[in-house]
Amino acid sequence: MSATRTVPPFRADHVGSLLRPASLRQARQEHADRVIDDARLREIEDDAIRSVIRTQADVGLRTATDGEFRRASWHMDFIYQLGGITRAADNMEVRSRNAEGTISFTPAALRVSERIRLNGTIFADDFTFLARHTSGDQTAKLTIPSPSMVHYRGGQAAVDRSVYPDLEEFWADLSAAYADQVRRIAELGCTYLQLDDTSLAYLNDPRQRAMIADRGDDAEHQHERYISQINAAIADRPAGLRVTTHMCRGNFRSSWVAEGGYDFVAEQLFSELAVDGFFLEFDDVRSGTFEPLRFVPAGKMVVLGLVTTKRGALESKDELKRRIDDAARYVPLDQLCLSPQCGFSSTVEGNVLSFDEQVAKLRLVVDTAADVWG
């Protein structure tokens with residue numbers, strides 16, 4: 001078994017988003033209130049990102065992200081920059097659950113009103129800043145939403161049929177825009193790209209599939225379409241670019257949307273999706289068993305998201321090791337890594353835990369991985 005990994009994903013890794021410091025959240029509010037200008041907000045963001053890069057290095061992580069500190073949400077800040085996509089006039093209601101009950105929030109919807117295209121490299125300046133301030137022992141990771149997320153939120157009803165009378169042209173343009181983004185970000189020096197995708201996890205939930213069917217989409221085969229589109233987007237990536245995908249069932253203020261194991265999508269997902277690694281949510285019973293991992297082929301990495309980001313209580317290292325052993329019954333230990341189950345702050349609000357609790361969880365991931373893999 002190879003203990004040390006020199007390419008992503010690493011034995012101890014993390015998903016990407018991190019809790020925004022209070023000073024940054026205050027600055028965002030002051031910017032919205034026009035108390036400070038764009039340049040001043042950027043300076044405050046820069047300081048916060050330099051600090052959080054150091055935090056990741058201090059706990060021993062090989063991966064460095066900017067914590068998504070310049071975004072309000074993990075996906076829409078990217079999606080709204082794609083040419084042809086506009087904010088819809090109405091909002092959509094999303095109902096999330098947690099141990100205390102249900103949270104309802106209304107994110108802005110989207111509409112495909114023109115042909116999809118890439119007008120410029122999205123997050124180019126953000127990644128360049130991250131890479132410039134990442135130490136030599138770390139690898140800068142860029143996280144972006146997968147192509148699936150452009151479709152899943154509204155389905156075919158969000159696509160203007162006067163623009164795309166043939167939906168195959170929509171899918172072709174979407175993957176082409178993403179392929180252009182992948183090529184451009186690699187040219188900026190990115191060697192670690194993560195495609196975040198809730199849809200492939202949501203589709204394991206029968207209630208989500210019922211919703212998809214009710215709106216007129218093909219619930220039984222939607223995951224196959226999404227896998228195909230992601231593959232088209234990354235097919236021509238340069239050899240030096242490692243691509244992973246992260247799948248979770250919702251992560252908003254410590255609540256979730258969907259439930260269910262990976263069984264429904266597992267065979268096609270693991271055997272056909274042409275990524276280098278899978279970040280998988282496995283922090284509680286909502287995520288099902290490790291049994292679907294039997295479909296993971298040789299050479300593909302699985303990053304076990306065993307450490308929850310939804311609460312501050314620290315997991316037992318012994319229990320994490322036991323669960324890693326359980327997963328290794330279905331996929332070789334050499335193909336496994338460890339991470340938190342999701343980001344700590346998929347939206348600007350963040351999950352319900354403290355900065356110190358977040359750091360303790362990241363350090364636990366590093367320490368546990370060192371015990372398991374050396």
# chains A, B, ... in the order shown; residues from 1 in each chain; ligands from 1
>>> select_by_dssp(residues="range 284-332 of chain A", states="helix (DSSP H, G or I)", output="list in words")
Val285, Arg286, Ser287, Glu291, Pro292, Leu293, Arg294, Phe295, Lys317, Asp318, Glu319, Leu320, Lys321, Arg322, Arg323, Ile324, Asp325, Asp326 and Ala327 of chain A
>>> residues_around(residues="range 40-50 of chain A", least_positions_apart="6", cutoff="9 Å", atoms="only C-alpha atoms", output="ChimeraX atom specification")
/A:20-21,23-24,27-28,30-31,65-70,129-130,133-134
>>> closest_residue(among="A:Asp318, A:Asp77, A:Asp38, A:Asp197", to="Met149 in chain A", atoms="only C-alpha atoms")
A:Asp197
>>> residues_around(residues="Asp58 in chain A", least_positions_apart="4", cutoff="10 Å", atoms="only C-alpha atoms", output="JSON, numbers by chain")
{"A": [52, 53, 54, 359, 363]}
>>> residues_around(residues="range 7-14 of chain A", least_positions_apart="3", cutoff="9 Å", atoms="only C-alpha atoms", output="PyMOL selection string")
chain A and resi 3-4+17+60-64+139+191-192+242-244+276-279+301-303+305+336-343+362+365-370+373
>>> atom_distance(atom1="CA of Asp214 in chain A", atom2="CA of Trp74 in chain A")
26.7 Å
>>> residues_around(residues="Tyr330 in chain A", least_positions_apart="5", cutoff="12 Å", atoms="only C-alpha atoms", output="PDB file with N, CA, C and O atoms, in the first residue's frame")
ATOM      1  N   THR A 289     -25.012   2.757   3.687  1.00  0.00           N
ATOM      2  CA  THR A 289     -23.865   1.911   4.016  1.00  0.00           C
ATOM      3  C   THR A 289     -22.736   2.113   3.007  1.00  0.00           C
ATOM      4  O   THR A 289     -22.888   2.795   1.990  1.00  0.00           O
ATOM      5  N   PHE A 290     -21.615   1.465   3.290  1.00  0.00           N
ATOM      6  CA  PHE A 290     -20.474   1.497   2.384  1.00  0.00           C
ATOM      7  C   PHE A 290     -20.623   0.495   1.224  1.00  0.00           C
ATOM      8  O   PHE A 290     -19.782   0.476   0.328  1.00  0.00           O
ATOM      9  N   GLU A 291     -21.632  -0.324   1.251  1.00  0.00           N
ATOM     10  CA  GLU A 291     -21.757  -1.394   0.268  1.00  0.00           C
ATOM     11  C   GLU A 291     -21.718  -0.910  -1.183  1.00  0.00           C
ATOM     12  O   GLU A 291     -21.125  -1.586  -2.041  1.00  0.00           O
ATOM     13  N   PRO A 292     -22.303   0.249  -1.535  1.00  0.00           N
ATOM     14  CA  PRO A 292     -22.218   0.708  -2.929  1.00  0.00           C
ATOM     15  C   PRO A 292     -20.792   0.929  -3.421  1.00  0.00           C
ATOM     16  O   PRO A 292     -20.561   0.985  -4.637  1.00  0.00           O
ATOM     17  N   LEU A 293     -19.828   1.028  -2.511  1.00  0.00           N
ATOM     18  CA  LEU A 293     -18.434   1.228  -2.922  1.00  0.00           C
ATOM     19  C   LEU A 293     -17.875   0.012  -3.651  1.00  0.00           C
ATOM     20  O   LEU A 293     -16.786   0.100  -4.244  1.00  0.00           O
ATOM     21  N   ARG A 294     -18.590  -1.087  -3.658  1.00  0.00           N
ATOM     22  CA  ARG A 294     -18.105  -2.273  -4.384  1.00  0.00           C
ATOM     23  C   ARG A 294     -18.003  -2.016  -5.880  1.00  0.00           C
ATOM     24  O   ARG A 294     -17.322  -2.749  -6.600  1.00  0.00           O
ATOM     25  N   PHE A 295     -18.665  -0.963  -6.366  1.00  0.00           N
ATOM     26  CA  PHE A 295     -18.623  -0.649  -7.790  1.00  0.00           C
ATOM     27  C   PHE A 295     -17.435   0.244  -8.162  1.00  0.00           C
ATOM     28  O   PHE A 295     -17.227   0.544  -9.343  1.00  0.00           O
ATOM     29  N   VAL A 296     -16.677   0.720  -7.178  1.00  0.00           N
ATOM     30  CA  VAL A 296     -15.541   1.604  -7.464  1.00  0.00           C
ATOM     31  C   VAL A 296     -14.443   0.792  -8.157  1.00  0.00           C
ATOM     32  O   VAL A 296     -13.968  -0.206  -7.611  1.00  0.00           O
ATOM     33  N   PRO A 297     -14.004   1.212  -9.344  1.00  0.00           N
ATOM     34  CA  PRO A 297     -12.971   0.451 -10.061  1.00  0.00           C
ATOM     35  C   PRO A 297     -11.581   0.735  -9.521  1.00  0.00           C
ATOM     36  O   PRO A 297     -11.360   1.719  -8.791  1.00  0.00           O
ATOM     37  N   ALA A 298     -10.645  -0.111  -9.878  1.00  0.00           N
ATOM     38  CA  ALA A 298      -9.248   0.098  -9.496  1.00  0.00           C
ATOM     39  C   ALA A 298      -8.768   1.439 -10.044  1.00  0.00           C
ATOM     40  O   ALA A 298      -9.115   1.835 -11.163  1.00  0.00           O
ATOM     41  N   VAL A 302     -11.512   7.199  -3.292  1.00  0.00           N
ATOM     42  CA  VAL A 302     -12.722   7.522  -2.550  1.00  0.00           C
ATOM     43  C   VAL A 302     -12.316   8.261  -1.285  1.00  0.00           C
ATOM     44  O   VAL A 302     -11.538   7.746  -0.475  1.00  0.00           O
ATOM     45  N   ARG A 323     -14.581   2.781  11.060  1.00  0.00           N
ATOM     46  CA  ARG A 323     -15.397   2.993   9.863  1.00  0.00           C
ATOM     47  C   ARG A 323     -14.545   2.920   8.593  1.00  0.00           C
ATOM     48  O   ARG A 323     -15.019   2.457   7.552  1.00  0.00           O
ATOM     49  N   ILE A 324     -13.318   3.378   8.655  1.00  0.00           N
ATOM     50  CA  ILE A 324     -12.418   3.226   7.507  1.00  0.00           C
ATOM     51  C   ILE A 324     -12.192   1.741   7.226  1.00  0.00           C
ATOM     52  O   ILE A 324     -12.218   1.300   6.065  1.00  0.00           O
ATOM     53  N   ASP A 325     -11.992   0.967   8.274  1.00  0.00           N
ATOM     54  CA  ASP A 325     -11.844  -0.486   8.103  1.00  0.00           C
ATOM     55  C   ASP A 325     -13.096  -1.093   7.473  1.00  0.00           C
ATOM     56  O   ASP A 325     -13.003  -1.984   6.619  1.00  0.00           O
ATOM     57  N   GLN A 335      -7.064   2.846  -1.822  1.00  0.00           N
ATOM     58  CA  GLN A 335      -7.873   3.762  -2.627  1.00  0.00           C
ATOM     59  C   GLN A 335      -8.724   4.683  -1.764  1.00  0.00           C
ATOM     60  O   GLN A 335      -9.559   5.424  -2.294  1.00  0.00           O
ATOM     61  N   LEU A 336      -8.498   4.686  -0.466  1.00  0.00           N
ATOM     62  CA  LEU A 336      -9.308   5.485   0.445  1.00  0.00           C
ATOM     63  C   LEU A 336      -8.533   6.678   0.994  1.00  0.00           C
ATOM     64  O   LEU A 336      -7.322   6.632   1.147  1.00  0.00           O
TER      65      LEU A 336
END
>>> atom_distance(atom1="CA of Leu241 in chain A", atom2="CA of Ala124 in chain A")
15.8 Å
>>> residues_around(residues="Ser175 in chain A", least_positions_apart="4", cutoff="9 Å", atoms="only C-alpha atoms", output="list in words")
Pro147, Phe170, Trp171, Ala179, Asp180, Gln229, Ile230, Asn231, Ala232, Ala233 and Ile234 of chain A
>>> closest_residue(among="A:Ser316, A:Ser73, A:Gln222, A:Gln56", to="Gln156 in chain A", atoms="only C-alpha atoms")
A:Gln222
>>> atom_distance(atom1="CA of Lys321 in chain A", atom2="CA of Thr245 in chain A")
23.4 Å
>>> select_by_dssp(residues="range 5-136 of chain A", states="strand (DSSP E)", output="VMD selection string")
chain A and resid 63 to 64 83 to 91 94 to 98 101 to 105 108 to 117
>>> write_last_selection(atoms="N, CA and C atoms", output="PDB file, in the first residue's frame")
ATOM      1  N   THR A  63      -4.028  20.200   1.017  1.00  0.00           N
ATOM      2  CA  THR A  63      -4.943  20.969   0.168  1.00  0.00           C
ATOM      3  C   THR A  63      -5.148  22.355   0.747  1.00  0.00           C
ATOM      4  N   ALA A  64      -5.147  23.358  -0.129  1.00  0.00           N
ATOM      5  CA  ALA A  64      -5.476  24.720   0.292  1.00  0.00           C
ATOM      6  C   ALA A  64      -6.577  25.270  -0.611  1.00  0.00           C
ATOM      7  N   GLY A  83     -22.467  32.718 -19.503  1.00  0.00           N
ATOM      8  CA  GLY A  83     -23.257  33.439 -20.492  1.00  0.00           C
ATOM      9  C   GLY A  83     -24.526  32.683 -20.820  1.00  0.00           C
ATOM     10  N   GLY A  84     -25.643  33.414 -20.950  1.00  0.00           N
ATOM     11  CA  GLY A  84     -26.921  32.817 -21.307  1.00  0.00           C
ATOM     12  C   GLY A  84     -27.797  32.500 -20.122  1.00  0.00           C
ATOM     13  N   ILE A  85     -27.252  32.602 -18.889  1.00  0.00           N
ATOM     14  CA  ILE A  85     -28.026  32.290 -17.689  1.00  0.00           C
ATOM     15  C   ILE A  85     -28.330  33.578 -16.934  1.00  0.00           C
ATOM     16  N   THR A  86     -29.568  33.750 -16.577  1.00  0.00           N
ATOM     17  CA  THR A  86     -29.995  34.930 -15.843  1.00  0.00           C
ATOM     18  C   THR A  86     -30.761  34.504 -14.598  1.00  0.00           C
ATOM     19  N   ARG A  87     -30.853  35.410 -13.649  1.00  0.00           N
ATOM     20  CA  ARG A  87     -31.682  35.171 -12.476  1.00  0.00           C
ATOM     21  C   ARG A  87     -33.144  35.226 -12.894  1.00  0.00           C
ATOM     22  N   ALA A  88     -33.914  34.267 -12.422  1.00  0.00           N
ATOM     23  CA  ALA A  88     -35.349  34.281 -12.703  1.00  0.00           C
ATOM     24  C   ALA A  88     -36.023  35.328 -11.828  1.00  0.00           C
ATOM     25  N   ALA A  89     -37.178  35.783 -12.268  1.00  0.00           N
ATOM     26  CA  ALA A  89     -37.888  36.820 -11.528  1.00  0.00           C
ATOM     27  C   ALA A  89     -38.390  36.316 -10.180  1.00  0.00           C
ATOM     28  N   ASP A  90     -38.648  35.004 -10.098  1.00  0.00           N
ATOM     29  CA  ASP A  90     -39.154  34.444  -8.849  1.00  0.00           C
ATOM     30  C   ASP A  90     -38.066  33.652  -8.137  1.00  0.00           C
ATOM     31  N   ASN A  91     -38.337  33.321  -6.905  1.00  0.00           N
ATOM     32  CA  ASN A  91     -37.449  32.464  -6.129  1.00  0.00           C
ATOM     33  C   ASN A  91     -38.067  31.077  -6.017  1.00  0.00           C
ATOM     34  N   VAL A  94     -36.749  25.966  -0.931  1.00  0.00           N
ATOM     35  CA  VAL A  94     -36.023  24.746  -0.599  1.00  0.00           C
ATOM     36  C   VAL A  94     -36.217  24.497   0.888  1.00  0.00           C
ATOM     37  N   ARG A  95     -36.639  23.296   1.221  1.00  0.00           N
ATOM     38  CA  ARG A  95     -36.877  22.937   2.617  1.00  0.00           C
ATOM     39  C   ARG A  95     -35.773  21.999   3.086  1.00  0.00           C
ATOM     40  N   SER A  96     -35.026  22.437   4.099  1.00  0.00           N
ATOM     41  CA  SER A  96     -33.947  21.643   4.675  1.00  0.00           C
ATOM     42  C   SER A  96     -34.357  21.173   6.064  1.00  0.00           C
ATOM     43  N   ARG A  97     -33.754  20.059   6.478  1.00  0.00           N
ATOM     44  CA  ARG A  97     -34.076  19.495   7.781  1.00  0.00           C
ATOM     45  C   ARG A  97     -32.821  19.372   8.630  1.00  0.00           C
ATOM     46  N   ASN A  98     -33.039  19.446   9.937  1.00  0.00           N
ATOM     47  CA  ASN A  98     -31.967  19.163  10.884  1.00  0.00           C
ATOM     48  C   ASN A  98     -32.582  18.511  12.111  1.00  0.00           C
ATOM     49  N   GLY A 101     -35.736  20.352  13.404  1.00  0.00           N
ATOM     50  CA  GLY A 101     -36.931  20.543  12.590  1.00  0.00           C
ATOM     51  C   GLY A 101     -36.597  20.894  11.160  1.00  0.00           C
ATOM     52  N   THR A 102     -37.382  21.817  10.591  1.00  0.00           N
ATOM     53  CA  THR A 102     -37.261  22.161   9.174  1.00  0.00           C
ATOM     54  C   THR A 102     -36.912  23.632   9.012  1.00  0.00           C
ATOM     55  N   ILE A 103     -36.017  23.895   8.068  1.00  0.00           N
ATOM     56  CA  ILE A 103     -35.664  25.267   7.699  1.00  0.00           C
ATOM     57  C   ILE A 103     -36.118  25.480   6.257  1.00  0.00           C
ATOM     58  N   SER A 104     -36.802  26.576   6.001  1.00  0.00           N
ATOM     59  CA  SER A 104     -37.206  26.906   4.642  1.00  0.00           C
ATOM     60  C   SER A 104     -36.448  28.144   4.189  1.00  0.00           C
ATOM     61  N   PHE A 105     -35.826  28.066   3.017  1.00  0.00           N
ATOM     62  CA  PHE A 105     -35.166  29.245   2.468  1.00  0.00           C
ATOM     63  C   PHE A 105     -35.473  29.340   0.976  1.00  0.00           C
ATOM     64  N   ALA A 108     -32.480  32.299  -5.128  1.00  0.00           N
ATOM     65  CA  ALA A 108     -32.913  32.779  -6.442  1.00  0.00           C
ATOM     66  C   ALA A 108     -32.882  31.642  -7.453  1.00  0.00           C
ATOM     67  N   ALA A 109     -33.875  31.636  -8.311  1.00  0.00           N
ATOM     68  CA  ALA A 109     -33.928  30.644  -9.378  1.00  0.00           C
ATOM     69  C   ALA A 109     -33.151  31.162 -10.581  1.00  0.00           C
ATOM     70  N   LEU A 110     -33.010  30.317 -11.595  1.00  0.00           N
ATOM     71  CA  LEU A 110     -32.290  30.731 -12.796  1.00  0.00           C
ATOM     72  C   LEU A 110     -33.110  30.415 -14.027  1.00  0.00           C
ATOM     73  N   ARG A 111     -32.737  31.053 -15.116  1.00  0.00           N
ATOM     74  CA  ARG A 111     -33.379  30.779 -16.396  1.00  0.00           C
ATOM     75  C   ARG A 111     -32.313  30.803 -17.487  1.00  0.00           C
ATOM     76  N   VAL A 112     -32.393  29.838 -18.392  1.00  0.00           N
ATOM     77  CA  VAL A 112     -31.514  29.814 -19.557  1.00  0.00           C
ATOM     78  C   VAL A 112     -32.226  30.599 -20.658  1.00  0.00           C
ATOM     79  N   SER A 113     -31.802  31.854 -20.840  1.00  0.00           N
ATOM     80  CA  SER A 113     -32.512  32.765 -21.737  1.00  0.00           C
ATOM     81  C   SER A 113     -31.769  33.016 -23.045  1.00  0.00           C
ATOM     82  N   GLU A 114     -30.496  32.584 -23.122  1.00  0.00           N
ATOM     83  CA  GLU A 114     -29.707  32.669 -24.343  1.00  0.00           C
ATOM     84  C   GLU A 114     -28.860  31.410 -24.433  1.00  0.00           C
ATOM     85  N   ARG A 115     -28.167  31.249 -25.536  1.00  0.00           N
ATOM     86  CA  ARG A 115     -27.304  30.075 -25.662  1.00  0.00           C
ATOM     87  C   ARG A 115     -26.189  30.152 -24.624  1.00  0.00           C
ATOM     88  N   ILE A 116     -25.912  29.054 -23.974  1.00  0.00           N
ATOM     89  CA  ILE A 116     -24.908  29.019 -22.914  1.00  0.00           C
ATOM     90  C   ILE A 116     -23.514  29.110 -23.519  1.00  0.00           C
ATOM     91  N   ARG A 117     -22.667  29.896 -22.855  1.00  0.00           N
ATOM     92  CA  ARG A 117     -21.303  30.105 -23.338  1.00  0.00           C
ATOM     93  C   ARG A 117     -20.453  30.573 -22.154  1.00  0.00           C
TER      94      ARG A 117
END
>>> closest_residue(among="A:Phe270, A:Tyr202, A:Phe282, A:Tyr178", to="Asp236 in chain A", atoms="only C-alpha atoms")
A:Tyr178
>>> closest_residue(among="A:Ala157, A:Ala327, A:Leu18, A:Leu269", to="Arg71 in chain A", atoms="only C-alpha atoms")
A:Leu18
>>> closest_residue(among="A:Ser287, A:Ser346, A:Ser354, A:Gln268", to="Ile144 in chain A", atoms="only C-alpha atoms")
A:Ser346
>>> closest_residue(among="A:Lys361, A:Lys300, A:Arg161, A:Arg215", to="Leu314 in chain A", atoms="only C-alpha atoms")
A:Lys361
